[in-house]
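Participant: My structure is in structure_30.txt, and what it holds is compact mmCIF, C-alpha atoms:
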# COMPACT_ATOMS: atom_id res chain seq x y z
CA MET X 1312 0.00 0.00 0.00
CA ARG X 1313 1.35 3.36 -0.96
CA LEU X 1314 1.42 6.12 1.57
CA ALA X 1315 0.91 9.81 1.14
CA ARG X 1316 3.08 12.02 3.25
CA ARG X 1317 2.84 15.68 3.71
CA GLN X 1318 6.44 16.73 3.86
CA THR X 1319 5.88 20.37 4.74
CA ASN X 1320 4.01 19.60 7.93
CA PRO X 1321 5.95 19.85 11.18
CA TYR X 1322 4.41 16.51 12.09
CA GLN X 1323 3.83 13.84 9.53
CA ILE X 1324 0.56 12.21 8.76
CA VAL X 1325 0.87 8.88 7.06
CA LEU X 1326 -2.21 8.09 5.10
CA PRO X 1327 -2.76 4.99 3.04
CA ILE X 1328 -3.73 5.69 -0.55
CA PHE X 1329 -6.66 3.72 -1.83
CA GLU X 1330 -7.39 2.69 -5.35
CA GLY X 1331 -10.96 3.90 -4.99
CA PRO X 1332 -13.96 4.07 -2.69
CA LEU X 1333 -14.44 0.29 -2.73
CA ASP X 1334 -10.82 -0.21 -1.76
CA LEU X 1335 -11.24 2.23 1.13
CA LEU X 1336 -14.43 0.52 2.31
CA LEU X 1337 -12.77 -2.89 2.23
CA HIS X 1338 -9.92 -1.47 4.24
CA LEU X 1339 -12.32 -0.13 6.88
CA ILE X 1340 -14.16 -3.43 7.02
CA HIS X 1341 -10.99 -5.47 7.40
CA GLU X 1342 -9.35 -3.08 9.82
CA ASN X 1343 -12.35 -3.20 12.12
CA LYS X 1344 -12.74 -6.94 11.57
CA LEU X 1345 -16.30 -6.45 10.42
CA ASP X 1346 -18.51 -9.01 8.72
CA ILE X 1347 -18.81 -7.98 5.11
CA TYR X 1348 -22.31 -9.49 4.98
CA ASP X 1349 -23.46 -7.50 7.98
CA ILE X 1350 -21.76 -4.15 7.77
CA PRO X 1351 -22.58 -1.74 10.63
CA ILE X 1352 -23.34 0.97 8.13
CA ALA X 1353 -23.44 3.89 10.58
CA GLN X 1354 -19.95 3.11 11.90
CA VAL X 1355 -18.47 2.55 8.46
CA THR X 1356 -20.09 5.68 7.05
CA GLU X 1357 -18.67 7.75 9.87
CA GLN X 1358 -15.15 6.39 9.37
CA TYR X 1359 -15.44 6.78 5.63
CA LEU X 1360 -16.37 10.44 5.98
CA GLN X 1361 -13.56 10.95 8.48
CA TYR X 1362 -11.11 9.64 5.98
CA LEU X 1363 -12.48 11.96 3.33
CA SER X 1364 -12.12 15.00 5.55
CA LEU X 1365 -8.57 13.93 6.36
CA MET X 1366 -7.86 13.81 2.65
CA GLU X 1367 -9.30 17.28 2.37
CA GLU X 1368 -7.08 18.57 5.14
CA LEU X 1369 -4.08 17.15 3.37
CA ASP X 1370 -5.11 18.95 0.20
CA LEU X 1371 -5.33 15.65 -1.62
CA ASP X 1372 -7.60 15.66 -4.60
CA ILE X 1373 -10.68 13.71 -3.75
CA ALA X 1374 -11.88 11.92 -6.83
CA GLY X 1375 -15.57 12.26 -7.58
CA GLU X 1376 -16.05 8.53 -7.05
CA PHE X 1377 -15.27 8.91 -3.35
CA LEU X 1378 -18.04 11.49 -3.01
CA VAL X 1379 -20.54 9.34 -4.89
CA MET X 1380 -19.79 6.51 -2.47
CA ALA X 1381 -20.25 8.84 0.48
CA ALA X 1382 -23.71 9.72 -0.83
CA THR X 1383 -24.50 6.03 -1.35
CA LEU X 1384 -23.47 5.20 2.22
CA ILE X 1385 -25.60 7.97 3.65
CA GLU X 1386 -28.53 6.82 1.56
CA ILE X 1387 -28.17 3.25 2.81
CA LYS X 1388 -27.83 4.49 6.36
CA SER X 1389 -31.06 6.49 6.12
CA LYS X 1390 -32.90 3.58 4.53
CA MET X 1391 -31.84 1.35 7.39
CA LEU X 1392 -33.32 3.81 9.85
CA LEU X 1393 -36.73 3.63 8.23
CA PRO X 1394 -39.24 1.21 9.74
CA PRO X 1395 -39.93 -1.83 7.54
CA ASP X 1396 -42.49 -1.29 4.85
CA GLU X 1397 -45.74 -2.67 6.27
CA THR X 1398 -47.59 -2.59 3.00
CA ALA X 1399 -45.06 -4.99 1.47
CA ASP X 1400 -46.03 -8.54 0.76
CA GLU X 1401 -45.27 -10.62 3.83
CA ASP X 1402 -43.95 -13.55 1.82
CA GLU X 1403 -41.47 -11.34 0.10
CA GLU X 1404 -38.24 -11.09 1.98
CA PRO X 1405 -37.40 -7.43 2.59
CA ILE X 1406 -34.43 -6.31 0.57
CA ASP X 1407 -31.46 -5.33 2.68
CA PRO X 1408 -30.47 -1.82 1.58
CA ARG X 1409 -26.86 -2.94 1.89
CA ALA X 1410 -27.20 -5.90 -0.47
CA GLN X 1411 -26.04 -4.17 -3.63
CA LEU X 1412 -23.06 -2.61 -1.90
CA VAL X 1413 -22.03 -5.93 -0.37
CA GLU X 1414 -22.22 -7.54 -3.77
CA ARG X 1415 -19.99 -4.86 -5.26
CA LEU X 1416 -17.51 -5.16 -2.42
CA ILE X 1417 -17.22 -8.91 -2.81
CA GLU X 1418 -16.87 -8.61 -6.54
CA TYR X 1419 -14.20 -5.97 -6.17
CA GLN X 1420 -12.39 -8.00 -3.53
CA ARG X 1421 -12.08 -10.89 -5.98
CA TYR X 1422 -10.41 -8.74 -8.60
CA LYS X 1423 -8.19 -7.17 -5.99
CA GLU X 1424 -7.02 -10.65 -5.14
CA ALA X 1425 -6.66 -11.52 -8.82
CA ALA X 1426 -4.48 -8.42 -9.21
CA GLU X 1427 -2.30 -9.70 -6.39
CA ILE X 1428 -1.91 -13.01 -8.23
CA LEU X 1429 -0.98 -11.18 -11.42
CA ARG X 1430 1.61 -9.26 -9.40
CA GLN X 1431 3.15 -12.57 -8.32
CA PHE X 1432 3.20 -13.81 -11.92
CA GLU X 1433 4.83 -10.54 -12.97
CA GLU X 1434 7.41 -10.91 -10.19
CA GLU X 1435 8.25 -14.49 -11.17
CA ARG X 1436 8.48 -13.69 -14.83
CA SER X 1437 10.73 -10.70 -14.17
CA LYS X 1438 13.41 -13.13 -13.00
CA VAL X 1439 13.62 -14.59 -16.47
CA PHE X 1440 15.55 -12.96 -19.29
CA LYS X 1441 15.28 -13.68 -22.98
CA SER X 1442 17.76 -12.92 -25.70
CA GLY X 1443 17.20 -10.05 -28.10
CA GLY X 1444 13.99 -8.19 -28.74
CA GLU X 1445 13.67 -6.91 -25.26
CA ALA X 1446 14.57 -3.31 -24.62
CA ILE X 1447 17.61 -3.69 -22.49
CA GLU X 1448 20.55 -1.52 -21.77
CA ILE X 1449 24.03 -2.58 -20.93
CA GLU X 1450 25.02 -1.22 -17.62
CA TYR X 1451 28.29 0.53 -18.07
CA ALA X 1452 30.87 0.44 -15.33
CA PRO X 1453 29.73 3.17 -13.00
CA PHE X 1454 31.86 6.28 -12.85
CA LEU X 1455 33.15 6.15 -9.33
CA LEU X 1456 33.84 9.33 -7.47
CA LYS X 1457 34.65 7.60 -4.23
CA ASP X 1458 38.31 8.66 -4.04
CA LEU X 1459 37.52 12.22 -4.94
CA THR X 1460 36.74 14.91 -2.43
CA PRO X 1461 34.63 17.96 -3.21
CA VAL X 1462 37.88 19.93 -3.06
CA ASP X 1463 39.34 17.82 -5.86
CA LEU X 1464 36.25 18.44 -7.92
CA LEU X 1465 36.46 22.16 -7.30
CA ALA X 1466 40.12 22.15 -8.34
CA ALA X 1467 39.20 20.29 -11.51
CA LEU X 1468 36.47 22.78 -12.24
CA GLN X 1469 38.90 25.66 -11.82
CA ARG X 1470 41.35 24.06 -14.21
CA VAL X 1471 38.66 23.69 -16.82
CA LEU X 1472 37.46 27.22 -16.33
CA ALA X 1473 41.02 28.55 -16.56
CA GLU X 1474 41.43 26.80 -19.88
CA VAL X 1475 38.40 28.39 -21.39
CA GLY X 1476 39.43 31.74 -19.96
CA GLU X 1477 36.73 32.29 -17.43
CA GLY X 1478 36.41 35.85 -16.28
CA GLU X 1479 37.65 37.47 -19.42
CA GLU X 1480 34.44 38.74 -20.75
CA GLU X 1481 35.76 39.37 -24.13
CA VAL X 1482 33.51 40.98 -26.60
CA THR X 1483 33.87 39.33 -29.92
CA THR X 1484 32.26 40.40 -33.07
CA ILE X 1485 31.02 37.40 -34.88
CA THR X 1486 30.94 37.66 -38.56
CA ARG X 1487 28.72 35.09 -39.94
CA ARG X 1488 30.36 33.16 -42.70
CA ARG X 1489 27.95 32.45 -45.40
CA ILE X 1490 28.30 28.85 -46.37
CA THR X 1491 25.94 27.09 -48.63
CA VAL X 1492 25.48 23.42 -49.31
CA ARG X 1493 26.61 24.10 -52.88
CA MET X 1494 29.88 25.65 -51.69
CA LYS X 1495 30.50 22.82 -49.28
CA MET X 1496 29.68 20.22 -51.89
CA SER X 1497 32.31 21.52 -54.27
CA GLU X 1498 34.82 21.73 -51.43
CA ILE X 1499 34.21 18.08 -50.49
CA TRP X 1500 34.15 17.05 -54.11
CA ARG X 1501 37.56 18.64 -54.67
CA ARG X 1502 38.97 16.79 -51.69
CA VAL X 1503 37.49 13.50 -52.85
CA ILE X 1504 38.81 13.69 -56.40
CA THR X 1505 42.27 14.77 -55.32
CA SER X 1506 42.89 12.05 -52.78
CA GLU X 1507 43.68 8.56 -53.93
CA ASP X 1508 42.76 6.72 -50.74
CA GLY X 1509 39.51 8.56 -50.31
CA VAL X 1510 38.58 11.04 -47.63
CA ASN X 1511 37.88 10.10 -44.05
CA PHE X 1512 34.41 11.28 -43.15
CA GLU X 1513 35.52 12.57 -39.79
CA GLU X 1514 38.29 14.66 -41.32
CA LEU X 1515 35.60 16.73 -42.98
CA PHE X 1516 34.58 17.95 -39.57
CA GLU X 1517 37.98 18.85 -38.26
CA ASP X 1518 38.21 22.43 -37.09
CA LYS X 1519 34.52 22.90 -37.48
CA TYR X 1520 33.16 24.29 -34.28
CA ASP X 1521 30.22 25.96 -35.85
CA ARG X 1522 27.06 23.94 -35.64
CA THR X 1523 25.72 25.34 -38.88
CA GLU X 1524 28.86 24.38 -40.73
CA ILE X 1525 28.76 20.85 -39.35
CA VAL X 1526 25.18 20.46 -40.45
CA ILE X 1527 25.90 21.89 -43.90
CA THR X 1528 28.90 19.59 -44.29
CA PHE X 1529 26.77 16.60 -43.43
CA LEU X 1530 24.00 17.67 -45.79
CA SER X 1531 26.58 18.11 -48.54
CA VAL X 1532 27.82 14.56 -48.11
CA LEU X 1533 24.25 13.30 -48.34
CA GLU X 1534 23.63 15.41 -51.40
CA LEU X 1535 26.76 14.10 -53.13
CA LEU X 1536 25.60 10.59 -52.35
CA ARG X 1537 22.17 11.31 -53.70
CA LEU X 1538 23.67 12.68 -56.90
CA ARG X 1539 25.77 9.52 -57.12
CA ARG X 1540 29.02 11.46 -57.22
CA ILE X 1541 30.61 9.66 -54.31
CA THR X 1542 30.49 6.29 -52.58
CA VAL X 1543 30.79 5.73 -48.87
CA THR X 1544 32.35 2.65 -47.35
CA GLN X 1545 32.82 1.42 -43.83
CA LYS X 1546 34.82 -1.76 -43.28
CA GLN X 1547 33.59 -2.54 -39.83
CA LEU X 1548 31.01 -1.40 -37.33
CA PHE X 1549 32.03 1.97 -35.89
CA GLY X 1550 35.08 1.89 -38.18
CA GLU X 1551 36.29 4.68 -40.41
CA ILE X 1552 33.89 5.95 -43.01
CA ILE X 1553 35.66 6.62 -46.28
CA LEU X 1554 34.32 8.81 -49.06
CA ARG X 1555 35.43 8.01 -52.59
CA LYS X 1556 34.68 9.25 -56.03
CA ARG X 1557 32.06 7.09 -57.65
CA GLU X 1558 33.70 5.46 -60.65
CA SER X 1559 30.76 5.20 -62.97
CA VAL X 1560 29.10 8.57 -62.77
CA GLY X 1561 26.04 8.92 -64.89
CA ASP X 1562 25.54 5.19 -64.87
CA GLU X 1563 22.01 5.43 -63.58
CA MET Q 120 12.10 -29.65 -49.92
CA ASN Q 121 15.04 -27.39 -49.38
CA GLU Q 122 18.05 -29.69 -49.50
CA HIS Q 123 19.91 -27.96 -46.78
CA ILE Q 124 16.95 -28.05 -44.40
CA GLU Q 125 16.49 -31.72 -45.24
CA GLU Q 126 20.14 -32.41 -44.49
CA ILE Q 127 19.75 -30.78 -41.09
CA THR Q 128 16.53 -32.45 -40.07
CA LYS Q 129 17.44 -35.89 -41.40
CA ASN Q 130 20.79 -36.07 -39.72
CA GLY Q 131 19.44 -35.92 -36.21
CA ARG Q 132 20.20 -32.25 -35.98
CA LEU Q 133 16.59 -31.21 -35.63
CA LYS Q 134 17.20 -30.47 -31.98
CA SER Q 135 20.04 -28.09 -32.82
CA ALA Q 136 17.93 -26.44 -35.49
CA ILE Q 137 15.13 -25.84 -32.98
CA GLU Q 138 17.64 -24.51 -30.49
CA CYS Q 139 18.76 -21.92 -33.04
CA MET Q 140 15.22 -20.86 -33.86
CA LEU Q 141 14.29 -20.46 -30.22
CA PHE Q 142 17.46 -18.52 -29.59
CA VAL Q 143 16.87 -15.95 -32.31
CA SER Q 144 13.12 -15.57 -32.08
CA PRO Q 145 12.02 -12.46 -30.19
CA GLU Q 146 8.54 -13.93 -29.70
CA PRO Q 147 7.52 -17.29 -28.26
CA LEU Q 148 7.50 -19.78 -31.13
CA PRO Q 149 4.56 -22.14 -31.58
CA ALA Q 150 5.51 -25.73 -32.44
CA ALA Q 151 3.42 -25.47 -35.60
CA GLN Q 152 5.49 -22.54 -36.83
CA MET Q 153 8.74 -24.41 -36.26
CA ALA Q 154 7.30 -27.48 -37.95
CA ALA Q 155 6.38 -25.40 -41.00
CA ALA Q 156 9.81 -23.75 -41.11
CA LEU Q 157 11.64 -27.06 -40.82
CA GLU Q 158 9.19 -28.86 -43.07
CA THR Q 159 8.58 -31.59 -40.58
CA GLU Q 160 5.87 -32.95 -38.34
CA GLU Q 161 4.73 -31.03 -35.28
CA SER Q 162 5.11 -34.20 -33.21
CA ALA Q 163 8.78 -34.40 -34.21
CA ILE Q 164 9.22 -30.83 -33.04
CA GLU Q 165 7.50 -31.52 -29.73
CA LYS Q 166 9.70 -34.56 -29.17
CA ALA Q 167 12.89 -32.69 -30.01
CA VAL Q 168 11.89 -29.81 -27.72
CA GLU Q 169 11.36 -32.28 -24.89
CA GLU Q 170 14.88 -33.62 -25.45
CA LEU Q 171 16.24 -30.11 -25.59
CA ILE Q 172 14.55 -29.24 -22.30
CA GLU Q 173 16.17 -32.35 -20.84
CA ASP Q 174 19.58 -31.33 -22.22
CA LEU Q 175 19.26 -27.93 -20.61
CA SER Q 176 18.50 -29.31 -17.16
CA ASP Q 177 21.98 -28.55 -15.87
CA ARG Q 178 22.42 -25.35 -17.85
CA GLY Q 179 21.59 -21.68 -17.28
CA LEU Q 180 19.01 -21.59 -20.02
CA GLN Q 181 15.59 -23.14 -20.11
CA ILE Q 182 12.77 -23.56 -22.57
CA VAL Q 183 9.36 -22.54 -21.31
CA ARG Q 184 5.89 -22.75 -22.75
CA VAL Q 185 4.47 -19.26 -22.82
CA ALA Q 186 1.76 -17.46 -24.80
CA GLY Q 187 1.05 -20.54 -26.89
CA GLY Q 188 4.63 -21.13 -27.95
CA TYR Q 189 8.07 -22.10 -26.78
CA GLN Q 190 10.60 -19.61 -25.57
CA MET Q 191 14.24 -19.91 -24.64
CA CYS Q 192 15.14 -17.82 -21.64
CA THR Q 193 17.32 -17.82 -18.57
CA LYS Q 194 16.44 -19.78 -15.47
CA PRO Q 195 14.97 -17.67 -12.66
CA GLU Q 196 17.68 -18.76 -10.21
CA PHE Q 197 20.20 -16.84 -12.32
CA SER Q 198 18.23 -13.62 -12.35
CA SER Q 199 20.74 -11.87 -10.12
CA VAL Q 200 23.53 -12.77 -12.54
CA CYS Q 201 21.60 -11.40 -15.50
CA GLN Q 202 20.83 -8.24 -13.60
CA ARG Q 203 24.52 -7.62 -13.22
CA ILE Q 204 24.85 -6.81 -16.89
CA MET Q 205 21.34 -5.92 -17.92
CA ILE Q 206 19.07 -3.22 -16.70
CA ARG Q 207 15.66 -4.63 -17.12
CA GLN Q 208 12.94 -2.14 -17.80
CA ASN Q 209 12.00 -2.62 -14.25
CA GLN Q 210 8.82 -0.64 -14.34
CA LYS Q 211 6.46 -2.96 -12.54
CA LEU Q 212 2.78 -2.34 -13.09
CA SER Q 213 0.94 -0.17 -10.57
CA ARG Q 214 -1.82 -1.58 -8.44
CA ALA Q 215 -4.39 0.33 -10.49
CA ALA Q 216 -2.95 -1.19 -13.66
CA LEU Q 217 -2.91 -4.70 -12.20
CA GLU Q 218 -6.49 -4.45 -10.95
CA THR Q 219 -7.69 -3.18 -14.31
CA LEU Q 220 -5.70 -5.87 -16.09
CA ALA Q 221 -7.23 -8.51 -13.81
CA VAL Q 222 -10.76 -7.36 -14.64
CA ILE Q 223 -9.97 -7.36 -18.37
CA ALA Q 224 -8.24 -10.76 -18.23
CA TYR Q 225 -11.21 -12.41 -16.54
CA ARG Q 226 -14.07 -10.50 -18.10
CA GLN Q 227 -12.87 -10.09 -21.67
CA PRO Q 228 -14.25 -8.88 -23.96
CA VAL Q 229 -15.17 -6.05 -21.63
CA THR Q 230 -16.00 -2.35 -21.98
CA GLN Q 231 -14.55 0.53 -20.00
CA PRO Q 232 -17.85 1.25 -18.12
CA GLU Q 233 -18.00 -2.42 -17.11
CA ILE Q 234 -14.48 -2.24 -15.70
CA GLU Q 235 -15.31 0.98 -13.90
CA ALA Q 236 -18.41 -0.59 -12.37
CA ILE Q 237 -16.25 -3.27 -10.79
CA ARG Q 238 -13.33 -1.11 -9.69
CA GLY Q 239 -15.47 1.86 -8.70
CA VAL Q 240 -13.08 4.34 -10.30
CA ASN Q 241 -12.41 5.90 -13.67
CA VAL Q 242 -9.99 3.76 -15.67
CA SER Q 243 -9.38 5.72 -18.89
CA GLY Q 244 -5.80 6.61 -17.92
CA VAL Q 245 -4.96 3.07 -16.90
CA ILE Q 246 -6.45 1.68 -20.11
CA LYS Q 247 -4.22 3.97 -22.11
CA THR Q 248 -1.14 2.82 -20.17
CA LEU Q 249 -2.02 -0.84 -20.69
CA MET Q 250 -2.65 -0.23 -24.41
CA ASP Q 251 0.71 1.56 -24.73
CA LYS Q 252 2.42 -1.38 -23.08
CA GLY Q 253 0.69 -3.71 -25.53
CA LEU Q 254 -0.87 -5.75 -22.74
CA ILE Q 255 -4.44 -5.13 -23.89
CA HIS Q 256 -6.03 -4.26 -27.21
CA GLU Q 257 -9.36 -3.46 -28.75
CA VAL Q 258 -11.19 -6.59 -29.76
CA GLY Q 259 -14.35 -5.07 -31.17
CA ARG Q 260 -17.37 -3.01 -30.24
CA LYS Q 261 -20.26 -3.98 -28.07
CA GLN Q 262 -23.57 -3.94 -29.90
CA THR Q 263 -25.21 -1.63 -27.38
CA PRO Q 264 -26.03 2.09 -27.63
CA GLY Q 265 -22.86 4.06 -28.21
CA ARG Q 266 -21.11 0.90 -29.39
CA PRO Q 267 -18.45 1.03 -26.67
CA ILE Q 268 -15.02 -0.46 -27.35
CA LEU Q 269 -14.43 -3.97 -26.08
CA TYR Q 270 -11.03 -4.72 -24.60
CA GLY Q 271 -9.15 -7.98 -24.30
CA THR Q 272 -5.67 -9.12 -23.34
CA THR Q 273 -2.91 -9.66 -25.90
CA PRO Q 274 -0.38 -12.50 -26.34
CA GLN Q 275 2.14 -10.04 -24.87
CA PHE Q 276 0.07 -10.08 -21.69
CA LEU Q 277 0.54 -13.84 -21.46
CA GLU Q 278 4.23 -13.47 -22.12
CA TYR Q 279 4.57 -10.66 -19.60
CA MET Q 280 2.93 -12.81 -16.95
CA GLY Q 281 4.71 -15.99 -18.07
CA LEU Q 282 1.44 -17.76 -18.81
CA GLU Q 283 0.84 -20.34 -21.49
CA ASP Q 284 -2.78 -19.34 -21.95
CA LEU Q 285 -5.64 -17.69 -20.06
CA SER Q 286 -6.77 -20.97 -18.55
CA GLN Q 287 -3.73 -20.79 -16.27
CA LEU Q 288 -5.30 -17.90 -14.39
CA PRO Q 289 -6.82 -19.14 -11.15
CA ASP Q 290 -10.60 -19.45 -11.11
CA ILE Q 291 -11.99 -16.05 -10.18
CA ASP Q 292 -14.86 -17.54 -8.18
CA THR Q 293 -12.45 -19.23 -5.81
CA LEU Q 294 -10.76 -15.94 -4.97
CA ALA Q 295 -11.17 -13.82 -1.87
CA THR Q 296 -14.29 -15.20 -0.22
CA ASN Q 297 -14.14 -18.33 1.85
CA GLU Q 298 -17.81 -19.02 1.41
CA THR Q 299 -17.52 -19.16 -2.34
CA GLU Q 300 -14.42 -21.29 -2.04
CA ALA Q 301 -16.36 -23.85 -0.04
CA GLU Q 302 -19.20 -23.72 -2.51
CA GLN Q 303 -16.79 -24.21 -5.35
CA LYS Q 304 -15.29 -27.23 -3.67
CA LEU Q 305 -18.75 -28.68 -3.25
CA PHE Q 306 -19.49 -28.15 -6.93
CA LYS Q 307 -16.24 -29.80 -7.91
CA GLU Q 308 -16.99 -32.84 -5.79
CA HIS Q 309 -20.42 -32.93 -7.34
CA GLU Q 310 -18.90 -32.89 -10.78
CA ILE Q 311 -16.70 -35.86 -9.96
CA VAL Q 312 -19.73 -37.83 -8.82
CA VAL Q 313 -21.50 -37.04 -12.05
CA GLN Q 314 -18.49 -38.16 -14.06
CA ASP Q 315 -18.26 -41.41 -12.13
CA ASP Q 316 -21.87 -42.08 -12.88
CA ALA Q 317 -21.29 -41.51 -16.54
CA GLN Q 318 -18.41 -43.95 -16.57
CA THR Q 319 -20.24 -46.79 -14.92
Could you write out this file's structure as structure tokens?
Facilitator:
Amino acid sequence: MRLARRQTNPYQIVLPIFEGPLDLLLHLIHENKLDIYDIPIAQVTEQYLQYLSLMEELDLDIAGEFLVMAATLIEIKSKMLLPPDETADEDEEPIDPRAQLVERLIEYQRYKEAAEILRQFEEERSKVFKSGGEAIEIEYAPFLLKDLTPVDLLAALQRVLAEVGEGEEEVTTITRRRITVRMKMSEIWRRVITSEDGVNFEELFEDKYDRTEIVITFLSVLELLRLRRITVTQKQLFGEIILRKRESVGDE
Amino acid sequence: MNEHIEEITKNGRLKSAIECMLFVSPEPLPAAQMAAALETEESAIEKAVEELIEDLSDRGLQIVRVAGGYQMCTKPEFSSVCQRIMIRQNQKLSRAALETLAVIAYRQPVTQPEIEAIRGVNVSGVIKTLMDKGLIHEVGRKQTPGRPILYGTTPQFLEYMGLEDLSQLPDIDTLATNETEAEQKLFKEHEIVVQDDAQT
């Protein structure tokens, strides 16, 4: 059972969270060791309403279903206070105003139990792993900071900041270089046709700190591929990607 | 028949072939599907699987029957070992999700209002979660005013719970109330008597 806690309070109220009004009623019945077939409706109604006001005090949202159940309980309670209907047929057994509620509670209790069984199945099955298909992640060796003190970290931070020249608020005028895919394409093309062993894909990005230029470079490679000017090969997974001039241009 | 397949199945290597199929299949494999793939009889597959299960008795892997098929997976006693290198998507279902799933599993095909009547709460959010997880799906529409959507559980539900089929769920009438349990027992005894009568 989950518990709601109000952290900001100087004292802490621990309140069980119920899945719904039926769940709450079952809890009250079990907690008070009551007979589900003979619920003392006045007592249960009172406790039910107490719980609701506690929820209100804790600023918990009270779902509409809880209020509907409160109304139902009060209705049953008032019906039970009425004297038996004397005009009713004597052979006919008077209907207990609680009957429908009891039926619902028992029905709900069954599914609550079934849910518990499903939880056990889920638990058992979670111990079993299958190959492939399942979304799994490899757990990388955790980055351990255990030998480091906060002082070490601070020193490291200062070193990094010193490198990037923290504090020197230099005003730089940025002139935006106008690069187009067309320009980049001819640049790459020139490199490809002049090198015998092909061009390493990553070399194209050397010295390119500008995001726009990186994107344009990448687009240019794609465009050259699309136009069947170059071929791209990779010998192994994560290996070097080599760009070469396509031998049979126009062979489409 | 494909010569290569024939060579494999004829030379007593059917078991190995099945092992491979079970290893690579992301879904539980029904015997019929393996039989079709290996162009052999289903009974031969069943027999070979039995042998394979026997072979694996002292190994880390096992073959289980789940969601109407066979699946190769690790044995539960090695779960801690597997967890050392794998992070399972360890999002267990919430109680609300499990309760809703229980109602759907037992009452399917079932509509949202019917589920809500049993649980006493709104379940639209939970239904969406269960749909997203592929544990339930729409199975049709009820022929009543408004034609509400009918929900049922999926094969993934069976796999998720490690069940072969829905009949492995415990009888709902035996759950929770002792009275009904006693009644159920009585009925079962009664059934046996009837069967005995029929036999004699």
Participant: Taking all atoms listed in the file into account, report as a ChimeraX atom specification which residues of chain Q lie within 9 Å of chain X.
Facilitator: /Q:142-146,190-199,201-209,211-212,214-222,225,236-241,278-282,288-289,291-296
Participant: If I take CA of Phe276 in chain Q and CA of Leu254 in chain Q, how far is one from the other in Å, to one decimal?
Facilitator: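 Separation of CA of Phe276 in chain Q and CA of Leu254 in chain Q: 4.6 Å.
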Participant: For the atom pair CA of Asp1518 in chain X and CA of Thr1542 in chain X, what is the interatomic distance in Å to one decimal place?
Facilitator: 23.7 Å
Participant: I want to know what sits within 12 Å of Glu1558 in chain X, based on all atoms listed in the file, with residues of the same chain fewer than 4 positions away left out; could you give that as a list in words?
Facilitator: Val1503, Ile1504, Arg1539, Arg1540, Ile1541, Thr1542 and Asp1562 of chain X
Participant: What does the file look like for those residues with C-alpha atoms, as a compact mmCIF listing (two decimals), in the coordinates of the input?
Facilitator:
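Output contents, as saved in part.txt:
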# COMPACT_ATOMS: atom_id res chain seq x y z
CA VAL X 1503 37.49 13.50 -52.85
CA ILE X 1504 38.81 13.69 -56.40
CA ARG X 1539 25.77 9.52 -57.12
CA ARG X 1540 29.02 11.46 -57.22
CA ILE X 1541 30.61 9.66 -54.31
CA THR X 1542 30.49 6.29 -52.58
CA ASP X 1562 25.54 5.19 -64.87
Participant: Name the residues in contact with Ile137 in chain Q at a cut-off of 9 Å, using only C-alpha atoms, excluding same-chain residues fewer than 6 positions from it; report them as a PDB file with C-alpha atoms, in the coordinates of the input.
Facilitator:
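part.pdb, written as the output of this step:
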ATOM      1  CA  MET Q 153       8.740 -24.410 -36.260  1.00  0.00           C
ATOM      2  CA  LEU Q 157      11.640 -27.060 -40.820  1.00  0.00           C
ATOM      3  CA  ILE Q 164       9.220 -30.830 -33.040  1.00  0.00           C
ATOM      4  CA  ALA Q 167      12.890 -32.690 -30.010  1.00  0.00           C
ATOM      5  CA  VAL Q 168      11.890 -29.810 -27.720  1.00  0.00           C
ATOM      6  CA  LEU Q 171      16.240 -30.110 -25.590  1.00  0.00           C
TER       7      LEU Q 171
END
Participant: What is the CA of Leu1363 in chain X to CA of His1338 in chain X distance in Å?
Facilitator: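 CA of His1338 in chain X lies at a distance of 13.7 Å from CA of Leu1363 in chain X.
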Participant: Go through Q:Ile182, Q:Val258, Q:Leu249, Q:Val229 and flag the residue nearest Leu141 in chain Q, using only C-alpha atoms for the distances.
Facilitator: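 Closest to Leu141 in chain Q, using only C-alpha atoms: Q:Ile182.
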Participant: With distances taken over all atoms listed in the file, which of Q:Met140, Q:His256, Q:Glu173, Q:Thr248 is nearest to Ser213 in chain Q?
Facilitator: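 Checking each of Q:Met140, Q:His256, Q:Glu173, Q:Thr248 against Ser213 in chain Q, counting all atoms listed in the file, the winner is Q:Thr248.
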Participant: Fewer than 2 positions away in the same chain doesn't count, so skip those; otherwise give me all residues within 10 Å of Leu1515 in chain X, counting all atoms listed in the file, as a ChimeraX atom specification.
Facilitator: /X:1498-1499,1502,1510-1513,1517-1519,1525,1528-1529,1532
Participant: Show me, as number ranges by chain, the residues that have an atom within 10 Å of Leu1384 in chain X when counting only C-alpha atoms, minus same-chain residues fewer than 4 positions from it.
Facilitator: X: 1352-1353, 1355-1357, 1359-1360, 1378-1380, 1388-1390, 1408-1409, 1412
Participant: Looking at all atoms listed in the file, which of Q:Asp290, Q:Glu233, Q:Ala150, Q:Tyr270 is the one that sits closest to Arg184 in chain Q?
Facilitator: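 Nearest to Arg184 in chain Q: Q:Ala150.
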